[in-house]
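Structure file protein22.csv (CSV, C-alpha atoms) is printed below.
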```csv
chain,number,residue,atom,x,y,z
A,1,MET,CA,-1.8,-15.0,33.8
A,2,ALA,CA,-3.1,-14.5,30.3
A,3,ALA,CA,-0.4,-14.4,27.6
A,4,SER,CA,0.2,-11.0,25.9
A,5,VAL,CA,-0.5,-10.5,22.2
A,6,PHE,CA,3.2,-10.6,21.6
A,7,GLN,CA,3.6,-14.0,23.4
A,8,GLN,CA,0.6,-15.4,21.5
A,9,SER,CA,2.2,-14.3,18.2
A,10,LYS,CA,5.5,-16.1,18.8
A,11,PRO,CA,4.3,-19.6,17.8
A,12,ALA,CA,2.7,-18.2,14.6
A,13,GLN,CA,5.9,-16.4,13.8
A,14,GLY,CA,7.9,-19.6,14.3
A,15,ARG,CA,5.6,-21.5,11.9
A,16,VAL,CA,5.9,-18.7,9.3
A,17,MET,CA,9.7,-18.5,9.6
A,18,LYS,CA,10.0,-22.3,9.3
A,19,ALA,CA,8.0,-22.2,6.1
A,20,PHE,CA,10.4,-19.5,4.7
A,21,LYS,CA,13.5,-21.4,5.7
A,22,ASP,CA,12.2,-24.5,4.0
A,23,LEU,CA,11.4,-22.5,0.9
A,24,ILE,CA,14.8,-20.9,0.9
A,25,ALA,CA,16.5,-24.3,1.2
A,26,LYS,CA,14.5,-25.7,-1.8
A,27,ARG,CA,15.5,-22.6,-3.8
A,28,ARG,CA,19.2,-23.0,-2.9
A,29,SER,CA,19.2,-26.7,-3.8
A,30,GLY,CA,17.5,-26.1,-7.1
A,31,LYS,CA,14.5,-28.1,-6.3
A,32,GLU,CA,12.2,-25.1,-6.7
A,33,TYR,CA,12.4,-22.0,-8.8
A,34,SER,CA,10.2,-18.8,-9.1
A,35,ASP,CA,11.0,-15.5,-10.8
A,36,ASP,CA,10.6,-13.3,-7.8
A,37,PHE,CA,12.5,-11.1,-5.3
A,38,LEU,CA,13.7,-14.0,-3.1
A,39,GLN,CA,15.1,-15.8,-6.1
A,40,SER,CA,17.0,-12.7,-7.2
A,41,MET,CA,18.6,-12.5,-3.8
A,42,ILE,CA,19.7,-16.1,-3.9
A,43,GLU,CA,21.0,-15.8,-7.5
A,44,ARG,CA,23.0,-12.7,-6.7
A,45,ASP,CA,24.4,-14.4,-3.6
A,46,SER,CA,25.8,-17.2,-5.8
A,47,CYS,CA,27.5,-15.0,-8.4
A,48,PRO,CA,29.2,-11.9,-6.8
A,49,ASN,CA,31.3,-9.5,-8.8
A,50,ASN,CA,34.2,-9.7,-6.3
A,51,GLU,CA,35.1,-11.1,-2.9
A,52,LYS,CA,34.3,-7.9,-1.0
A,53,GLN,CA,30.9,-7.7,-2.5
A,54,HIS,CA,30.4,-11.4,-1.8
A,55,ARG,CA,31.1,-10.9,1.9
A,56,GLN,CA,28.8,-7.9,2.1
A,57,PHE,CA,26.0,-9.6,0.3
A,58,MET,CA,26.3,-12.9,2.2
A,59,THR,CA,25.9,-10.8,5.4
A,60,LEU,CA,22.7,-9.3,4.0
A,61,THR,CA,21.2,-12.5,2.4
A,62,SER,CA,22.2,-15.2,4.8
A,63,ASP,CA,19.3,-17.6,5.5
A,64,SER,CA,18.9,-16.1,8.9
A,65,LYS,CA,18.2,-12.7,7.4
A,66,SER,CA,16.5,-13.7,4.1
A,67,ASP,CA,13.5,-15.0,5.9
A,68,VAL,CA,13.2,-11.9,8.0
A,69,ILE,CA,13.5,-9.7,4.8
A,70,VAL,CA,10.7,-11.8,3.1
A,71,LEU,CA,8.5,-11.5,6.2
A,72,THR,CA,9.0,-7.8,6.3
A,73,LEU,CA,8.1,-7.4,2.6
A,74,ILE,CA,4.9,-9.4,3.1
A,75,ILE,CA,3.8,-7.4,6.1
A,76,GLY,CA,4.8,-4.0,4.6
A,77,GLY,CA,3.6,-4.9,1.1
A,78,GLN,CA,0.2,-6.3,2.0
A,79,THR,CA,-1.0,-5.2,5.4
A,80,THR,CA,-0.7,-1.5,4.9
A,81,SER,CA,-2.0,-1.5,1.3
A,82,SER,CA,-5.0,-3.7,2.2
A,83,ALA,CA,-5.9,-1.2,4.9
A,84,ALA,CA,-5.8,1.7,2.4
A,85,MET,CA,-8.1,-0.3,0.1
A,86,MET,CA,-10.6,-0.7,3.0
A,87,TRP,CA,-10.5,3.0,3.8
A,88,SER,CA,-11.0,3.9,0.1
A,89,LEU,CA,-14.3,1.9,-0.1
A,90,LYS,CA,-15.5,3.6,3.2
A,91,PHE,CA,-14.8,7.1,1.8
A,92,PHE,CA,-16.5,6.3,-1.5
A,93,GLY,CA,-19.6,5.4,0.5
A,94,GLU,CA,-19.5,8.8,2.1
A,95,THR,CA,-18.6,10.9,-1.0
A,96,ARG,CA,-20.5,9.5,-3.9
A,97,GLU,CA,-19.3,12.3,-6.2
A,98,VAL,CA,-15.7,11.1,-5.8
A,99,LEU,CA,-16.7,7.6,-6.7
A,100,ASP,CA,-18.6,8.8,-9.8
A,101,ARG,CA,-15.7,10.8,-11.1
A,102,LEU,CA,-13.2,8.0,-10.4
A,103,ARG,CA,-15.5,5.4,-12.1
A,104,GLU,CA,-15.8,7.6,-15.2
A,105,GLU,CA,-12.0,7.8,-15.5
A,106,GLN,CA,-11.5,4.1,-14.9
A,107,LEU,CA,-14.2,3.0,-17.3
A,108,ALA,CA,-12.6,5.1,-20.0
A,109,ILE,CA,-9.3,3.4,-19.4
A,110,ALA,CA,-10.9,-0.1,-19.4
A,111,ARG,CA,-12.8,0.5,-22.6
A,112,ALA,CA,-9.6,1.8,-24.4
A,113,ARG,CA,-7.9,-1.6,-23.9
A,114,PRO,CA,-8.4,-4.6,-26.3
A,115,GLU,CA,-11.1,-6.9,-25.2
A,116,GLY,CA,-9.8,-9.3,-22.6
A,117,ALA,CA,-6.6,-7.4,-22.0
A,118,SER,CA,-5.5,-6.7,-18.4
A,119,ALA,CA,-4.5,-3.3,-17.0
A,120,THR,CA,-0.8,-2.5,-17.2
A,121,TYR,CA,1.6,-0.2,-15.5
A,122,GLU,CA,1.2,2.2,-18.5
A,123,ASP,CA,-2.5,2.4,-17.6
A,124,ILE,CA,-1.6,3.4,-14.1
A,125,LYS,CA,0.4,6.3,-15.4
A,126,ASN,CA,-2.7,7.6,-17.1
A,127,MET,CA,-4.9,7.7,-13.9
A,128,PRO,CA,-4.5,11.3,-12.7
A,129,TYR,CA,-7.7,11.3,-10.6
A,130,CYS,CA,-7.1,7.9,-9.2
A,131,LEU,CA,-3.7,9.1,-8.0
A,132,LYS,CA,-5.4,11.9,-6.2
A,133,VAL,CA,-7.9,9.5,-4.6
A,134,MET,CA,-5.1,7.3,-3.4
A,135,LYS,CA,-3.2,10.2,-1.9
A,136,GLU,CA,-6.3,11.5,-0.2
A,137,THR,CA,-7.0,8.0,1.2
A,138,LEU,CA,-3.5,7.7,2.6
A,139,ARG,CA,-3.9,11.1,4.1
A,140,LEU,CA,-7.2,10.7,5.8
A,141,GLY,CA,-7.0,6.9,6.5
A,142,ASN,CA,-4.1,7.0,8.8
A,143,LYS,CA,-6.0,8.0,11.9
A,144,GLY,CA,-4.7,6.1,14.9
A,145,TRP,CA,-1.2,5.4,13.7
A,146,ARG,CA,1.3,4.8,16.6
A,147,VAL,CA,4.6,6.0,15.1
A,148,ASN,CA,7.4,8.3,16.1
A,149,ILE,CA,6.1,11.0,13.8
A,150,ASP,CA,2.5,11.9,14.3
A,151,MET,CA,1.3,11.8,10.7
A,152,THR,CA,-2.3,12.3,11.8
A,153,CYS,CA,-1.6,15.7,13.2
A,154,ILE,CA,0.5,16.7,10.2
A,155,HIS,CA,-2.1,15.5,7.7
A,156,MET,CA,-5.0,17.1,9.6
A,157,ASN,CA,-3.4,20.5,10.0
A,158,PRO,CA,-5.8,23.0,8.4
A,159,LYS,CA,-2.8,25.4,7.9
A,160,HIS,CA,-1.5,23.1,5.2
A,161,LEU,CA,-4.7,21.3,4.1
A,162,PRO,CA,-7.9,23.2,4.3
A,163,ASP,CA,-11.0,21.4,5.7
A,164,PRO,CA,-8.8,18.4,6.6
A,165,MET,CA,-11.6,16.1,7.8
A,166,GLN,CA,-13.3,16.2,4.4
A,167,PHE,CA,-12.4,13.4,1.9
A,168,ASN,CA,-11.5,15.5,-1.1
A,169,PRO,CA,-9.1,14.2,-3.7
A,170,SER,CA,-9.4,17.4,-5.7
A,171,ARG,CA,-7.2,19.1,-3.1
A,172,PHE,CA,-4.3,17.5,-5.0
A,173,GLU,CA,-5.3,19.1,-8.3
A,174,VAL,CA,-2.4,20.9,-10.0
A,175,PRO,CA,-3.2,24.1,-12.0
A,176,ASP,CA,-2.6,23.8,-15.8
A,177,SER,CA,0.1,26.5,-15.5
A,178,LEU,CA,2.3,24.2,-13.3
A,179,PRO,CA,4.2,21.1,-14.2
A,180,LYS,CA,2.1,17.9,-14.2
A,181,HIS,CA,4.0,16.3,-11.3
A,182,PHE,CA,4.2,19.5,-9.2
A,183,GLU,CA,3.4,19.0,-5.5
A,184,MET,CA,0.9,21.5,-4.2
A,185,GLN,CA,1.6,20.7,-0.6
A,186,LYS,CA,4.3,22.3,1.5
A,187,PRO,CA,7.4,20.2,2.1
A,188,TYR,CA,6.8,17.5,4.8
A,189,SER,CA,3.1,18.4,5.1
A,190,TYR,CA,2.1,15.1,3.3
A,191,ILE,CA,4.2,12.1,4.3
A,192,PRO,CA,2.2,8.8,4.2
A,193,PHE,CA,5.4,7.0,3.2
A,194,GLY,CA,7.8,9.0,5.3
A,195,SER,CA,10.5,11.2,3.8
A,196,GLY,CA,14.2,11.4,3.3
A,197,PRO,CA,16.7,8.5,3.5
A,198,ARG,CA,14.3,6.5,5.8
A,199,SER,CA,11.3,6.7,3.6
A,200,CYS,CA,9.4,3.6,2.6
A,201,LEU,CA,11.3,1.5,0.1
A,202,GLY,CA,8.0,0.1,-1.2
A,203,THR,CA,6.4,3.4,-2.0
A,204,ASN,CA,6.0,2.9,-5.7
A,205,MET,CA,4.8,-0.7,-5.3
A,206,ALA,CA,2.2,0.3,-2.7
A,207,LYS,CA,1.0,3.1,-5.0
A,208,ALA,CA,0.7,0.8,-8.0
A,209,THR,CA,-1.1,-1.9,-5.9
A,210,ILE,CA,-3.7,0.5,-4.5
A,211,MET,CA,-4.3,2.2,-7.8
A,212,MET,CA,-4.7,-1.2,-9.6
A,213,PHE,CA,-7.2,-2.2,-6.9
A,214,LEU,CA,-9.1,1.0,-7.4
A,215,HIS,CA,-9.2,0.5,-11.2
A,216,ARG,CA,-10.4,-3.1,-10.9
A,217,VAL,CA,-13.1,-2.6,-8.3
A,218,VAL,CA,-14.4,0.8,-9.6
A,219,SER,CA,-14.5,-0.2,-13.3
A,220,GLY,CA,-15.9,-3.6,-12.7
A,221,TYR,CA,-18.2,-3.6,-9.7
A,222,SER,CA,-20.7,-1.8,-7.5
A,223,TRP,CA,-20.9,-2.8,-3.8
A,224,THR,CA,-22.9,-2.6,-0.6
A,225,ILE,CA,-21.3,-1.9,2.7
A,226,HIS,CA,-22.9,-4.0,5.5
A,227,ASP,CA,-21.3,-2.6,8.6
A,228,TRP,CA,-20.6,1.2,9.1
A,229,ASP,CA,-19.3,0.8,12.6
A,230,PRO,CA,-16.6,3.5,13.0
A,231,ARG,CA,-14.8,1.8,15.9
A,232,MET,CA,-11.1,1.0,15.3
A,233,GLU,CA,-9.2,-2.1,16.1
A,234,LYS,CA,-7.6,-1.7,19.5
A,235,ILE,CA,-4.4,-3.5,18.6
A,236,SER,CA,-3.3,-3.2,15.0
A,237,PHE,CA,-0.1,-2.5,13.1
A,238,VAL,CA,-2.0,-0.2,10.8
A,239,PRO,CA,-5.3,1.7,11.5
A,240,ARG,CA,-8.3,-0.5,10.5
A,241,LEU,CA,-11.9,-0.6,11.3
A,242,ALA,CA,-12.8,-3.3,13.8
A,243,SER,CA,-15.5,-4.6,11.5
A,244,GLY,CA,-13.2,-5.0,8.6
A,245,LEU,CA,-15.8,-3.2,6.5
A,246,PRO,CA,-17.6,-6.2,5.1
A,247,ILE,CA,-19.1,-5.7,1.6
A,248,THR,CA,-20.9,-7.5,-1.1
A,249,LEU,CA,-19.7,-7.0,-4.7
A,250,LYS,CA,-21.9,-7.0,-7.8
A,251,ALA,CA,-20.6,-6.9,-11.3
A,252,LEU,CA,-21.5,-3.9,-13.3
```
Could you render the structure from this file as structure tokens?
Amino acid sequence: MAASVFQQSKPAQGRVMKAFKDLIAKRRSGKEYSDDFLQSMIERDSCPNNEKQHRQFMTLTSDSKSDVIVLTLIIGGQTTSSAAMMWSLKFFGETREVLDRLREEQLAIARARPEGASATYEDIKNMPYCLKVMKETLRLGNKGWRVNIDMTCIHMNPKHLPDPMQFNPSRFEVPDSLPKHFEMQKPYSYIPFGSGPRSCLGTNMAKATIMMFLHRVVSGYSWTIHDWDPRMEKISFVPRLASGLPITLKAL
């Protein structure tokens, strides 16, 4: 009998978890150091404010759980964001006017920086149209999700979002008479990161990652998409095109 996908994944999971355990052991022994989230967990573990906090934090950051936390962060922080990046390039190929408007915004930001300087988080705060593009990508690019809440139906409901099948970042435009960060959508009609106490902890990181990607690729490159096959991966944690949307980049 052929092994299931889950059974096939177990050896790979074992190898990944072993790598994490080895890394954690090196960090705890002081043989290796890096200024990152894992290091902060280890350092907080070693200097609690009181005994009660120490017991609580040891329960959370024991080696048997630290490696699981790191694996979760890698999957949640990269797999979903990379899928959103793929969808954005596909939508740009279908709506050239969106790409042109976004490129105009991003080139203006790039030209305003000193030569050779990298984009910063402050730059991200000054990307209003890029924010709308990201939100629209997350809305329209979640077709096929298998989750408890059917976000596809919510995000495709014409009662809340007119012409829902159209990629249109301008649907998130806020009139000048309203506050800058006012949400035009009805509550719970747009929930790419969930909502309430169980919403995604990495929301802001995911937004920053996607917007920085859009800035770099749109302001620095043009591209050609080589496979427009719309078929989806049959088994995937997040909705992705089966082809992976292969492209060739060309510097502007």
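Across the model, the gap from CA of Tyr121 in chain A to CA of Leu245 in chain A is 28.2 Å.
From CA of Lys207 in chain A back to CA of Leu131 in chain A, the distance works out to 8.2 Å.
Proximity to Glu105 in chain A was assessed for A:Ser40, A:Asn126, A:Gln8, A:Thr72 counting all atoms listed in the file; the smallest distance is recorded for A:Asn126.
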Which one is closest to Lys132 in chain A: A:Leu214, A:Lys90, A:Thr152, A:Lys159? Count all atoms listed in the file.
A:Leu214
Shell around Lys135 in chain A at 12 Å using all atoms listed in the file, local window under 4 positions removed, as a PyMOL selection string
chain A and resi 84-85+87-88+128-131+139-142+155+167-173+183+185+190-193+203+206-208+210-211
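The spacing separating CA of Gln166 in chain A from CA of Arg96 in chain A amounts to 12.9 Å.
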Set out as JSON lines a contact list for range 109-206 of chain A and range 215-227 of chain A with a cut-off of 10 Å, giving each residue of range 109-206 of chain A that qualifies its closest atom pair and distance in Å to one decimal, counting all atoms listed in the file, ordered by chain and rising residue number.
```
{"residue": "A:Ile109", "atom": "CA", "partner": "A:His215", "partner_atom": "CA", "distance": 8.7}
{"residue": "A:Ala110", "atom": "CA", "partner": "A:Ser219", "partner_atom": "CA", "distance": 7.1}
{"residue": "A:Arg111", "atom": "CA", "partner": "A:Ser219", "partner_atom": "CA", "distance": 9.5}
{"residue": "A:Ser118", "atom": "CA", "partner": "A:Arg216", "partner_atom": "CA", "distance": 9.7}
{"residue": "A:Ala119", "atom": "CA", "partner": "A:His215", "partner_atom": "CA", "distance": 8.4}
{"residue": "A:Asp123", "atom": "CA", "partner": "A:His215", "partner_atom": "CA", "distance": 9.5}
{"residue": "A:Ile124", "atom": "CA", "partner": "A:His215", "partner_atom": "CA", "distance": 8.6}
{"residue": "A:Met127", "atom": "CA", "partner": "A:His215", "partner_atom": "CA", "distance": 8.8}
{"residue": "A:Cys130", "atom": "CA", "partner": "A:His215", "partner_atom": "CA", "distance": 7.9}
```
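Comparing the minimum interatomic distances between Thr137 in chain A and each of A:Ser34, A:Gln106, A:Ser29, A:Ser82, counting only C-alpha atoms, we find that A:Ser82 sits nearest.
Taking all atoms listed in the file into account, Thr248 in chain A lies nearest to A:Leu89 out of the set A:Leu107, A:Thr95, A:Cys200, A:Leu89.
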Residue with smallest distance to Ala19 in chain A - pool A:Asp67, A:Leu102, A:Thr80, A:Met134, counting all atoms listed in the file:
A:Asp67
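When all atoms listed in the file are used to measure the gap to Pro239 in chain A, the shortest distance among A:Ser189, A:Asn204, A:Gln39, A:Thr79 belongs to A:Thr79.
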